[in-house]
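As provided, start.cif (mmCIF, C-alpha atoms) reads as follows.
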```
data_query
loop_
_atom_site.label_atom_id
_atom_site.label_comp_id
_atom_site.auth_asym_id
_atom_site.auth_seq_id
_atom_site.Cartn_x
_atom_site.Cartn_y
_atom_site.Cartn_z
CA LEU A 1 0.00 0.00 0.00
CA GLN A 2 1.27 3.44 -0.91
CA PRO A 3 1.05 6.17 1.76
CA PRO A 4 -1.34 8.98 0.97
CA PRO A 5 0.28 11.89 -0.85
CA VAL A 6 1.44 14.75 1.36
CA ASP A 7 0.25 18.21 0.50
CA ALA A 8 3.64 19.93 0.26
CA PRO A 9 2.33 23.53 0.20
CA ALA A 10 0.14 22.91 3.24
CA THR A 11 3.02 21.31 5.16
CA SER A 12 5.37 24.15 4.24
CA SER A 13 2.76 26.70 5.30
CA ALA A 14 2.30 24.99 8.68
CA ILE A 15 6.07 24.95 9.27
CA ASN A 16 6.38 28.64 8.38
CA GLU A 17 3.48 29.49 10.69
CA ALA A 18 5.09 27.58 13.56
CA GLU A 19 8.38 29.39 12.97
CA ASP A 20 6.58 32.74 12.98
CA VAL A 21 4.87 31.92 16.26
CA ALA A 22 8.20 30.85 17.80
CA SER A 23 9.76 34.12 16.61
CA TYR A 24 6.97 36.17 18.14
CA VAL A 25 7.33 34.30 21.44
CA SER A 26 11.09 34.85 21.52
CA VAL A 27 10.65 38.55 20.77
CA LEU A 28 8.01 38.94 23.50
CA LEU A 29 10.02 37.01 26.10
CA THR A 30 13.36 38.69 25.44
CA GLY A 31 11.74 42.12 25.17
CA ALA A 32 9.86 41.64 28.44
CA LEU A 33 12.98 40.36 30.23
CA PHE A 34 15.06 43.25 28.84
CA LEU A 35 12.51 45.73 30.15
CA CYS A 36 12.35 43.97 33.54
CA ILE A 37 16.12 44.07 34.00
CA TYR A 38 16.32 47.70 32.82
CA LEU A 39 13.65 48.64 35.37
CA ALA A 40 15.64 46.76 38.02
CA VAL A 41 18.66 48.92 37.18
CA LEU A 42 16.58 52.08 37.56
CA ILE A 43 15.22 50.81 40.89
CA ARG A 44 18.73 50.00 42.16
CA ARG A 45 19.90 53.50 41.16
CA GLY A 46 16.95 55.09 42.98
CA THR A 47 15.41 56.57 39.82
CA ILE A 48 12.26 54.58 40.50
CA ARG A 49 11.24 54.44 44.14
CA HIS A 50 8.64 52.58 46.17
CA LEU A 51 8.53 49.72 43.64
CA PRO A 52 10.34 46.41 44.32
CA GLU A 53 12.11 44.71 41.44
CA SER A 54 9.87 41.66 41.74
CA ALA A 55 6.75 43.83 41.50
CA ALA A 56 8.17 45.58 38.42
CA SER A 57 8.72 42.20 36.74
CA ILE A 58 5.18 41.12 37.61
CA LEU A 59 3.77 44.34 36.14
CA VAL A 60 5.76 43.90 32.92
CA GLY A 61 4.53 40.30 32.63
CA PHE A 62 0.97 41.41 33.32
CA ALA A 63 1.18 44.14 30.65
CA THR A 64 2.55 41.59 28.16
CA GLY A 65 -0.31 39.22 28.92
CA VAL A 66 -2.89 41.97 28.51
CA LEU A 67 -1.34 42.96 25.17
CA VAL A 68 -1.47 39.37 23.91
CA ARG A 69 -5.12 39.08 24.92
CA LEU A 70 -6.11 42.41 23.39
CA LEU A 71 -4.51 41.45 20.08
CA HIS A 72 -6.24 38.03 20.22
CA LEU A 73 -2.97 36.19 19.69
CA THR A 74 -4.36 32.85 20.83
CA LYS A 75 -1.41 30.77 19.68
CA LEU A 76 1.02 33.01 21.52
CA GLN A 77 -1.25 32.92 24.54
CA SER A 78 -1.19 29.11 24.66
CA LEU A 79 2.59 28.92 24.23
CA LEU A 80 3.28 31.52 26.91
CA ARG A 81 1.15 29.81 29.55
CA PHE A 82 3.18 28.93 32.60
CA ASP A 83 4.39 25.35 32.80
CA PRO A 84 5.16 24.14 36.35
CA GLU A 85 7.83 21.78 35.03
CA VAL A 86 9.64 24.73 33.45
CA PHE A 87 9.61 26.55 36.77
CA PHE A 88 10.78 23.61 38.89
CA TYR A 89 13.41 22.24 36.51
CA VAL A 90 14.63 25.32 34.64
CA LEU A 91 14.03 28.49 36.67
CA LEU A 92 14.23 27.34 40.28
CA PRO A 93 17.61 25.45 40.38
CA PRO A 94 19.82 28.42 39.35
CA ILE A 95 18.18 30.64 41.98
CA ILE A 96 18.65 28.18 44.85
CA PHE A 97 22.15 27.18 43.79
CA GLU A 98 23.44 30.75 43.53
CA ALA A 99 22.01 31.61 46.94
CA ALA A 100 23.63 28.54 48.52
CA PHE A 101 26.93 29.12 46.70
CA SER A 102 27.18 32.72 47.95
CA LEU A 103 25.79 32.10 51.44
CA GLU A 104 27.96 32.83 54.48
CA HIS A 105 28.09 29.22 55.57
CA HIS A 106 29.54 29.67 59.03
CA LEU A 107 26.54 31.83 59.95
CA PHE A 108 24.15 29.23 58.59
CA TRP A 109 25.64 26.42 60.69
CA GLN A 110 25.84 28.76 63.66
CA HIS A 111 22.05 29.22 63.49
CA ILE A 112 21.12 25.70 62.45
CA ASP A 113 19.14 25.14 65.67
CA GLY A 114 16.98 28.18 64.96
CA VAL A 115 16.56 27.15 61.32
CA LEU A 116 15.38 23.67 62.32
CA ALA A 117 13.03 25.04 64.96
CA LEU A 118 11.39 27.36 62.42
CA CYS A 119 11.21 24.90 59.53
CA VAL A 120 10.06 21.84 61.54
CA ILE A 121 8.02 23.14 64.46
CA GLY A 122 6.89 26.35 62.74
CA THR A 123 5.81 24.61 59.53
CA PHE A 124 3.93 21.88 61.42
CA VAL A 125 2.09 24.44 63.56
CA SER A 126 1.26 26.51 60.48
CA ALA A 127 -0.11 23.52 58.54
CA VAL A 128 -2.24 22.32 61.47
CA VAL A 129 -3.60 25.77 62.31
CA VAL A 130 -4.52 26.50 58.68
CA GLY A 131 -5.96 23.02 58.17
CA TYR A 132 -8.13 22.96 61.30
CA GLY A 133 -9.13 26.59 60.75
CA LEU A 134 -10.45 25.73 57.29
CA TYR A 135 -12.12 22.62 58.70
CA TRP A 136 -14.02 24.64 61.30
CA LEU A 137 -14.90 27.45 58.89
CA SER A 138 -15.92 25.30 55.92
CA PRO A 139 -19.48 24.60 57.19
CA LEU A 140 -20.06 28.34 57.52
CA VAL A 141 -19.59 28.79 53.76
CA GLY A 142 -21.67 25.76 52.84
CA ILE A 143 -18.86 23.22 52.31
CA MET A 144 -20.08 19.96 53.79
CA GLY A 145 -19.27 16.30 53.28
CA ASP A 146 -17.64 13.45 55.11
CA GLU A 147 -16.01 14.75 58.30
CA SER A 148 -12.80 12.71 57.99
CA SER A 149 -12.31 13.44 54.28
CA ARG A 150 -12.98 17.14 54.77
CA LEU A 151 -10.50 17.33 57.65
CA TYR A 152 -7.66 15.72 55.71
CA LEU A 153 -8.37 17.76 52.60
CA CYS A 154 -8.04 20.88 54.76
CA LEU A 155 -4.81 19.58 56.29
CA ILE A 156 -3.44 18.84 52.80
CA PHE A 157 -4.16 22.44 51.82
CA GLY A 158 -2.55 23.62 55.07
CA ALA A 159 0.63 21.71 54.23
CA LEU A 160 0.71 23.19 50.72
CA ILE A 161 0.09 26.77 51.80
CA SER A 162 2.71 26.54 54.57
CA ALA A 163 5.51 26.07 52.04
CA ILE A 164 7.81 29.09 51.97
CA ASP A 165 8.77 30.37 48.53
CA PRO A 166 12.59 30.71 48.57
CA VAL A 167 12.47 32.80 45.38
CA ALA A 168 10.31 35.45 47.04
CA THR A 169 12.41 35.28 50.21
CA LEU A 170 15.63 35.88 48.29
CA SER A 171 14.03 38.61 46.22
CA ILE A 172 13.01 40.53 49.34
CA PHE A 173 16.34 40.22 51.15
CA ASP A 174 18.37 41.09 48.05
CA LYS A 175 16.75 44.53 48.05
CA PHE A 176 18.18 45.32 51.50
CA PRO A 177 21.99 45.15 51.36
CA SER A 178 22.13 46.34 54.96
CA CYS A 179 20.11 43.34 56.16
CA PRO A 180 21.97 41.56 59.02
CA ALA A 181 23.78 38.46 57.79
CA ASP A 182 22.45 36.47 60.75
CA LEU A 183 18.85 37.23 59.82
CA TYR A 184 19.50 36.43 56.14
CA SER A 185 21.06 33.06 57.00
CA LEU A 186 18.24 32.20 59.36
CA MET A 187 15.39 33.10 57.02
CA PHE A 188 16.92 31.70 53.86
CA GLY A 189 17.87 28.43 55.55
CA GLU A 190 14.34 28.07 56.87
CA SER A 191 12.77 28.79 53.48
CA VAL A 192 14.89 26.08 51.83
CA LEU A 193 14.58 23.32 54.47
CA ASN A 194 10.88 24.12 54.87
CA ASP A 195 10.39 22.43 51.49
CA ALA A 196 11.29 19.00 52.91
CA VAL A 197 8.92 19.42 55.87
CA CYS A 198 5.98 20.48 53.68
CA LEU A 199 6.68 17.59 51.32
CA VAL A 200 6.49 15.09 54.17
CA LEU A 201 3.37 16.64 55.70
CA PHE A 202 1.65 16.71 52.30
CA HIS A 203 2.35 13.03 51.60
CA GLY A 204 1.43 12.04 55.16
CA PHE A 205 -1.95 13.83 55.10
CA LEU A 206 -2.57 12.54 51.55
CA LYS A 207 -2.07 8.94 52.69
CA MET A 208 -4.44 9.53 55.60
CA TYR A 209 -7.04 10.93 53.20
CA GLN A 210 -6.66 8.05 50.76
CA ARG A 211 -6.99 5.46 53.54
CA GLY A 212 -9.97 7.17 55.13
CA GLY A 213 -8.36 8.24 58.39
CA THR A 214 -5.41 7.52 60.61
CA LYS A 215 -5.67 3.73 60.35
CA GLY A 216 -2.96 3.42 57.73
CA THR A 217 -0.68 6.28 58.72
CA SER A 218 0.52 6.86 62.25
CA LEU A 219 2.40 9.81 63.69
CA GLY A 220 5.49 7.61 63.80
CA GLY A 221 5.11 6.95 60.08
CA VAL A 222 4.98 10.67 59.35
CA VAL A 223 8.10 11.28 61.47
CA LEU A 224 9.88 8.39 59.74
CA SER A 225 8.92 9.81 56.36
CA PHE A 226 10.28 13.22 57.38
CA LEU A 227 13.60 11.70 58.45
CA GLU A 228 13.78 9.72 55.22
CA VAL A 229 13.16 12.73 52.97
CA SER A 230 15.34 15.17 54.91
CA TRP A 231 18.31 12.82 55.39
CA GLY A 232 18.01 11.44 51.86
CA SER A 233 18.08 14.95 50.41
CA LEU A 234 20.93 15.96 52.70
CA LEU A 235 23.04 12.92 51.78
CA ILE A 236 22.51 13.37 48.03
CA GLY A 237 23.61 16.99 48.20
CA LEU A 238 26.61 16.44 50.50
CA VAL A 239 27.87 13.27 48.82
CA LEU A 240 27.64 14.66 45.32
CA GLY A 241 29.24 17.94 46.40
CA GLY A 242 32.04 16.01 48.12
CA LEU A 243 32.66 13.77 45.09
CA VAL A 244 32.86 16.74 42.74
CA SER A 245 35.23 18.56 45.11
CA ALA A 246 37.48 15.47 45.21
CA LEU A 247 37.36 15.27 41.40
CA PHE A 248 38.53 18.87 41.04
CA LYS A 249 41.24 18.42 43.67
CA ASN A 250 42.69 15.36 41.91
CA HIS A 251 42.50 16.89 38.42
CA GLN A 252 44.43 20.13 38.70
CA GLN A 253 44.70 20.32 34.90
CA LEU A 254 41.10 21.56 34.89
CA LYS A 255 42.45 24.93 36.00
CA ARG A 256 43.68 25.44 32.44
CA HIS A 257 40.06 25.50 31.28
CA PRO A 258 38.01 27.92 33.42
CA GLU A 259 34.92 27.51 31.22
CA PHE A 260 34.88 23.77 31.96
CA GLU A 261 35.37 24.36 35.67
CA VAL A 262 32.35 26.66 35.84
CA ALA A 263 30.20 24.35 33.70
CA LEU A 264 31.05 21.22 35.72
CA THR A 265 30.37 23.03 39.00
CA PHE A 266 26.93 24.17 37.86
CA PHE A 267 25.84 20.87 36.32
CA SER A 268 26.99 18.86 39.33
CA ALA A 269 24.65 20.94 41.49
CA TYR A 270 21.83 20.54 38.97
CA LEU A 271 22.47 16.77 39.04
CA SER A 272 21.82 16.70 42.79
CA TYR A 273 18.46 18.39 42.22
CA GLY A 274 17.46 15.91 39.52
CA LEU A 275 18.53 12.88 41.55
CA ALA A 276 16.61 14.02 44.62
CA GLU A 277 13.44 14.66 42.62
CA LEU A 278 13.84 11.31 40.85
CA TYR A 279 13.76 9.42 44.16
CA ASP A 280 10.95 11.55 45.69
CA PHE A 281 13.24 13.52 47.98
CA SER A 282 13.43 17.30 48.23
CA GLY A 283 15.34 18.65 45.24
CA ILE A 284 15.59 22.11 46.81
CA THR A 285 17.19 20.74 49.97
CA ALA A 286 19.63 18.54 48.04
CA LEU A 287 20.61 21.41 45.76
CA PHE A 288 21.08 23.76 48.70
CA PHE A 289 23.48 21.44 50.56
CA CYS A 290 25.32 20.57 47.36
CA GLY A 291 25.83 24.29 46.77
CA VAL A 292 27.05 24.75 50.35
CA MET A 293 29.47 21.84 49.92
CA LEU A 294 30.81 23.13 46.61
CA ALA A 295 31.27 26.66 47.96
CA HIS A 296 33.06 25.49 51.09
CA TYR A 297 35.37 22.84 49.61
CA ASN A 298 35.42 23.13 45.83
CA LYS A 299 35.77 26.90 45.49
CA ARG A 300 39.35 26.72 46.72
CA ASN A 301 40.08 24.10 44.02
CA LEU A 302 39.06 26.49 41.24
CA SER A 303 41.45 28.76 39.40
CA GLU A 304 41.34 32.47 40.14
CA ARG A 305 39.57 33.19 36.85
CA SER A 306 36.98 30.49 37.56
CA ARG A 307 36.23 31.85 41.04
CA ILE A 308 35.43 35.26 39.61
CA SER A 309 33.62 33.83 36.59
CA SER A 310 31.54 31.41 38.67
CA ASP A 311 30.30 34.19 40.95
CA VAL A 312 29.30 36.38 38.00
CA THR A 313 27.86 33.51 35.92
CA PHE A 314 25.77 32.00 38.70
CA LYS A 315 24.50 35.42 39.78
CA THR A 316 23.53 36.25 36.18
CA LEU A 317 21.68 32.95 35.76
CA ALA A 318 19.87 33.52 39.05
CA VAL A 319 18.85 37.07 38.08
CA VAL A 320 17.51 35.94 34.70
CA ALA A 321 15.64 32.98 36.22
CA GLU A 322 14.16 35.07 39.03
CA THR A 323 13.09 37.83 36.64
CA ALA A 324 11.51 35.29 34.29
CA ALA A 325 9.64 33.63 37.17
CA PHE A 326 8.05 36.89 38.34
CA ALA A 327 7.32 38.04 34.77
CA TYR A 328 5.59 34.72 34.09
CA LEU A 329 3.59 35.20 37.27
CA GLY A 330 2.28 38.49 35.90
CA PHE A 331 1.52 36.95 32.52
CA VAL A 332 -0.43 34.10 34.14
CA ALA A 333 -2.40 36.66 36.17
CA ALA A 334 -3.38 38.47 32.96
CA ASP A 335 -4.13 35.20 31.18
CA SER A 336 -6.39 34.08 34.04
CA ILE A 337 -8.66 37.15 33.97
CA GLY A 338 -12.19 35.91 33.40
CA PHE A 339 -11.09 32.26 33.42
CA TYR A 340 -12.36 31.52 36.91
#
```
What is this structure when it is put down as structure tokens?
Amino acid sequence: LQPPPVDAPATSSAINEAEDVASYVSVLLTGALFLCIYLAVLIRRGTIRHLPESAASILVGFATGVLVRLLHLTKLQSLLRFDPEVFFYVLLPPIIFEAAFSLEHHLFWQHIDGVLALCVIGTFVSAVVVGYGLYWLSPLVGIMGDESSRLYLCLIFGALISAIDPVATLSIFDKFPSCPADLYSLMFGESVLNDAVCLVLFHGFLKMYQRGGTKGTSLGGVVLSFLEVSWGSLLIGLVLGGLVSALFKNHQQLKRHPEFEVALTFFSAYLSYGLAELYDFSGITALFFCGVMLAHYNKRNLSERSRISSDVTFKTLAVVAETAAFAYLGFVAADSIGFY
């Protein structure tokens, strides 16, 4: 049997249309990011006051989304919709890694007891208070149903909403250079390790909901799950960071190639994030401790050019990723108008 003939003009037209759409998307994205970063420069210089850089990026993204909707560019609108996988696997890792790589590590370990108290006890209290508060208030707004199912659904939401956004935390503290280093280490460490706690609470409450109560999931099981996720993430980050540091120490010829040193350092940290997510651990926690390990041990193995280049490169990647994340947030807000 012969395959049906392909309409060459139609195929060529479809390819050209797809290329045009991709070109429009690239122009919109790069133009929006250029404007966001230029506004950030004006804000840093004091030309624009009373407007945070993150808010400026959100406003630019929102204006871009409104423009796309007003022009009825439906294909652009569908392509520019925010993809969670893009955020978690493309935008988030550079932000977390740069913050961990430039963190004053001695201050972080000095305040580790306070960090653990905030991220473990504070997150648990927050999730329970929010969950039970919703459970008690839900009948007042007409939300009824099975008592046990409703309770665990509320607790699941409490665990989700108690997660601290490290991107927002970093964005706020970066705007205050005079912020005490102790406070920065405490708050940033809590925002990163909080991810592991929320992950455990979410899965624990979800299992309780799926099994119709506490029959299948005990408090001890939740604690064991927390230890598994937190220690698993910690070990992945520390072991991988240690192995890469040993690799650089035993291969001094890498110093002849600064571009390779910087690339290997970055991708080793990204590998820790991917491995942790692959085995259902906390990628953020693994990436954070890998970055701490690389900064403490591997930075001294780098050549002088690589030390300077790595700081500038990682900071640039983090700025671009953070700006894109907030701009996308504004675009999604514009795209969602009238949807709900």
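Among the candidates A:Pro180, A:Gly65, A:Gly158, A:Gly189, the one nearest to Ile112 of chain A when counting all atoms listed in the file is A:Gly189.
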Checklist entry - In Å, with one decimal, what is the gap from atom CA of Gly232 of chain A to atom CA of Asp113 of chain A? => result 19.5 Å
Fewer than 4 positions away in the same chain doesn't count, so skip those; otherwise give me all residues within 10 Å of segment 297-306 of chain A, counting all atoms listed in the file, as a PDB file with C-alpha atoms, in the frame of the given file.
```pdb
ATOM      1  CA  PHE A 101      26.930  29.120  46.700  1.00  0.00           C
ATOM      2  CA  GLY A 241      29.240  17.940  46.400  1.00  0.00           C
ATOM      3  CA  GLY A 242      32.040  16.010  48.120  1.00  0.00           C
ATOM      4  CA  LEU A 243      32.660  13.770  45.090  1.00  0.00           C
ATOM      5  CA  VAL A 244      32.860  16.740  42.740  1.00  0.00           C
ATOM      6  CA  SER A 245      35.230  18.560  45.110  1.00  0.00           C
ATOM      7  CA  ALA A 246      37.480  15.470  45.210  1.00  0.00           C
ATOM      8  CA  LEU A 247      37.360  15.270  41.400  1.00  0.00           C
ATOM      9  CA  PHE A 248      38.530  18.870  41.040  1.00  0.00           C
ATOM     10  CA  LYS A 249      41.240  18.420  43.670  1.00  0.00           C
ATOM     11  CA  ASN A 250      42.690  15.360  41.910  1.00  0.00           C
ATOM     12  CA  HIS A 251      42.500  16.890  38.420  1.00  0.00           C
ATOM     13  CA  GLN A 252      44.430  20.130  38.700  1.00  0.00           C
ATOM     14  CA  LEU A 254      41.100  21.560  34.890  1.00  0.00           C
ATOM     15  CA  LYS A 255      42.450  24.930  36.000  1.00  0.00           C
ATOM     16  CA  ARG A 256      43.680  25.440  32.440  1.00  0.00           C
ATOM     17  CA  HIS A 257      40.060  25.500  31.280  1.00  0.00           C
ATOM     18  CA  PRO A 258      38.010  27.920  33.420  1.00  0.00           C
ATOM     19  CA  GLU A 259      34.920  27.510  31.220  1.00  0.00           C
ATOM     20  CA  PHE A 260      34.880  23.770  31.960  1.00  0.00           C
ATOM     21  CA  GLU A 261      35.370  24.360  35.670  1.00  0.00           C
ATOM     22  CA  VAL A 262      32.350  26.660  35.840  1.00  0.00           C
ATOM     23  CA  ALA A 263      30.200  24.350  33.700  1.00  0.00           C
ATOM     24  CA  THR A 265      30.370  23.030  39.000  1.00  0.00           C
ATOM     25  CA  GLY A 291      25.830  24.290  46.770  1.00  0.00           C
ATOM     26  CA  VAL A 292      27.050  24.750  50.350  1.00  0.00           C
ATOM     27  CA  MET A 293      29.470  21.840  49.920  1.00  0.00           C
ATOM     28  CA  SER A 310      31.540  31.410  38.670  1.00  0.00           C
ATOM     29  CA  ASP A 311      30.300  34.190  40.950  1.00  0.00           C
ATOM     30  CA  VAL A 312      29.300  36.380  38.000  1.00  0.00           C
ATOM     31  CA  THR A 313      27.860  33.510  35.920  1.00  0.00           C
TER      32      THR A 313
END
```
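Taking atom CA of Ser225 of chain A as the reference point, atom CA of Phe188 of chain A is found at 23.4 Å.
Reported to one decimal place, the separation of atom CA of Glu322 of chain A from atom CA of Val68 of chain A is 22.2 Å.
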Item to check | Among listed residues A:Leu329, A:Ala163, A:Leu73, A:Leu29, nearest Gly122 of chain A (using all atoms listed in the file) | outcome: A:Ala163
Next on the checklist: Can you spell out as a PyMOL selection string the set of residues that the PyMOL selection byres ((chain A and resi 326) around 9) selects in the structure I just provided?
Outcome noted: chain A and resi 54-59+61+321-325+327-331
Next on the checklist: Could you check the closest approach to Trp231 of chain A for each of A:Lys207, A:Asp182, A:Phe281, A:Asp195 and tell me which residue wins, using only C-alpha atoms?
Outcome noted: A:Phe281
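For the file at hand, the PyMOL selection byres ((chain A and resi 97) around 10) resolves to Leu92, Pro93, Pro94, Ile95, Ile96, Glu98, Ala99, Ala100, Phe101, Ser102, Leu103, Phe266, Ala269, Tyr270, Tyr273, Ile284, Ala286, Leu287, Phe288, Phe289, Cys290, Gly291, Val292, Leu294, Phe314, Lys315, Leu317 and Ala318 of chain A.
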For segment 180-200 of chain A, where the input has fewer atoms than it should, I would like N, CA, C and O atoms rebuilt and written as a CSV table (one decimal), keeping the file's coordinate frame.
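After the write, result_24.csv holds the following:
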```
chain,number,residue,atom,x,y,z
A,180,PRO,N,21.0,42.3,58.2
A,180,PRO,CA,22.0,41.6,59.0
A,180,PRO,C,22.2,40.2,58.4
A,180,PRO,O,21.2,39.5,58.0
A,181,ALA,N,23.5,39.8,58.4
A,181,ALA,CA,23.8,38.5,57.8
A,181,ALA,C,23.2,37.3,58.6
A,181,ALA,O,22.8,36.3,58.0
A,182,ASP,N,23.1,37.5,59.9
A,182,ASP,CA,22.4,36.5,60.8
A,182,ASP,C,21.0,36.2,60.4
A,182,ASP,O,20.5,35.1,60.2
A,183,LEU,N,20.3,37.3,60.2
A,183,LEU,CA,18.8,37.2,59.8
A,183,LEU,C,18.7,36.6,58.4
A,183,LEU,O,17.8,35.8,58.2
A,184,TYR,N,19.6,37.0,57.5
A,184,TYR,CA,19.5,36.4,56.1
A,184,TYR,C,19.7,34.9,56.2
A,184,TYR,O,19.0,34.1,55.5
A,185,SER,N,20.8,34.5,56.9
A,185,SER,CA,21.1,33.1,57.0
A,185,SER,C,19.9,32.3,57.6
A,185,SER,O,19.6,31.2,57.2
A,186,LEU,N,19.3,32.9,58.7
A,186,LEU,CA,18.2,32.2,59.4
A,186,LEU,C,17.0,32.1,58.5
A,186,LEU,O,16.4,31.0,58.4
A,187,MET,N,16.6,33.1,57.8
A,187,MET,CA,15.4,33.1,57.0
A,187,MET,C,15.6,32.3,55.7
A,187,MET,O,14.7,31.6,55.3
A,188,PHE,N,16.7,32.4,55.1
A,188,PHE,CA,16.9,31.7,53.9
A,188,PHE,C,17.0,30.2,54.1
A,188,PHE,O,16.5,29.4,53.4
A,189,GLY,N,17.8,29.9,55.2
A,189,GLY,CA,17.9,28.4,55.6
A,189,GLY,C,16.5,27.8,55.9
A,189,GLY,O,16.2,26.7,55.4
A,190,GLU,N,15.7,28.6,56.6
A,190,GLU,CA,14.3,28.1,56.9
A,190,GLU,C,13.5,27.9,55.6
A,190,GLU,O,12.8,26.9,55.5
A,191,SER,N,13.6,28.9,54.7
A,191,SER,CA,12.8,28.8,53.5
A,191,SER,C,13.2,27.6,52.6
A,191,SER,O,12.3,27.0,51.9
A,192,VAL,N,14.4,27.2,52.6
A,192,VAL,CA,14.9,26.1,51.8
A,192,VAL,C,14.5,24.8,52.5
A,192,VAL,O,13.9,23.9,51.9
A,193,LEU,N,14.9,24.6,53.8
A,193,LEU,CA,14.6,23.3,54.5
A,193,LEU,C,13.1,23.1,54.7
A,193,LEU,O,12.6,22.0,54.9
A,194,ASN,N,12.3,24.2,54.7
A,194,ASN,CA,10.9,24.1,54.9
A,194,ASN,C,10.3,23.3,53.8
A,194,ASN,O,9.2,22.6,54.0
A,195,ASP,N,10.9,23.2,52.6
A,195,ASP,CA,10.4,22.4,51.5
A,195,ASP,C,10.3,21.0,51.8
A,195,ASP,O,9.3,20.3,51.5
A,196,ALA,N,11.3,20.4,52.5
A,196,ALA,CA,11.3,19.0,52.9
A,196,ALA,C,10.2,18.7,53.9
A,196,ALA,O,9.5,17.7,53.8
A,197,VAL,N,10.0,19.6,54.9
A,197,VAL,CA,8.9,19.4,55.9
A,197,VAL,C,7.5,19.4,55.2
A,197,VAL,O,6.7,18.6,55.5
A,198,CYS,N,7.3,20.4,54.4
A,198,CYS,CA,6.0,20.5,53.7
A,198,CYS,C,5.7,19.3,52.8
A,198,CYS,O,4.6,18.8,52.7
A,199,LEU,N,6.8,18.8,52.2
A,199,LEU,CA,6.7,17.6,51.3
A,199,LEU,C,6.2,16.4,52.1
A,199,LEU,O,5.3,15.6,51.7
A,200,VAL,N,6.8,16.2,53.3
A,200,VAL,CA,6.5,15.1,54.2
A,200,VAL,C,5.1,15.2,54.7
A,200,VAL,O,4.3,14.3,54.7
```
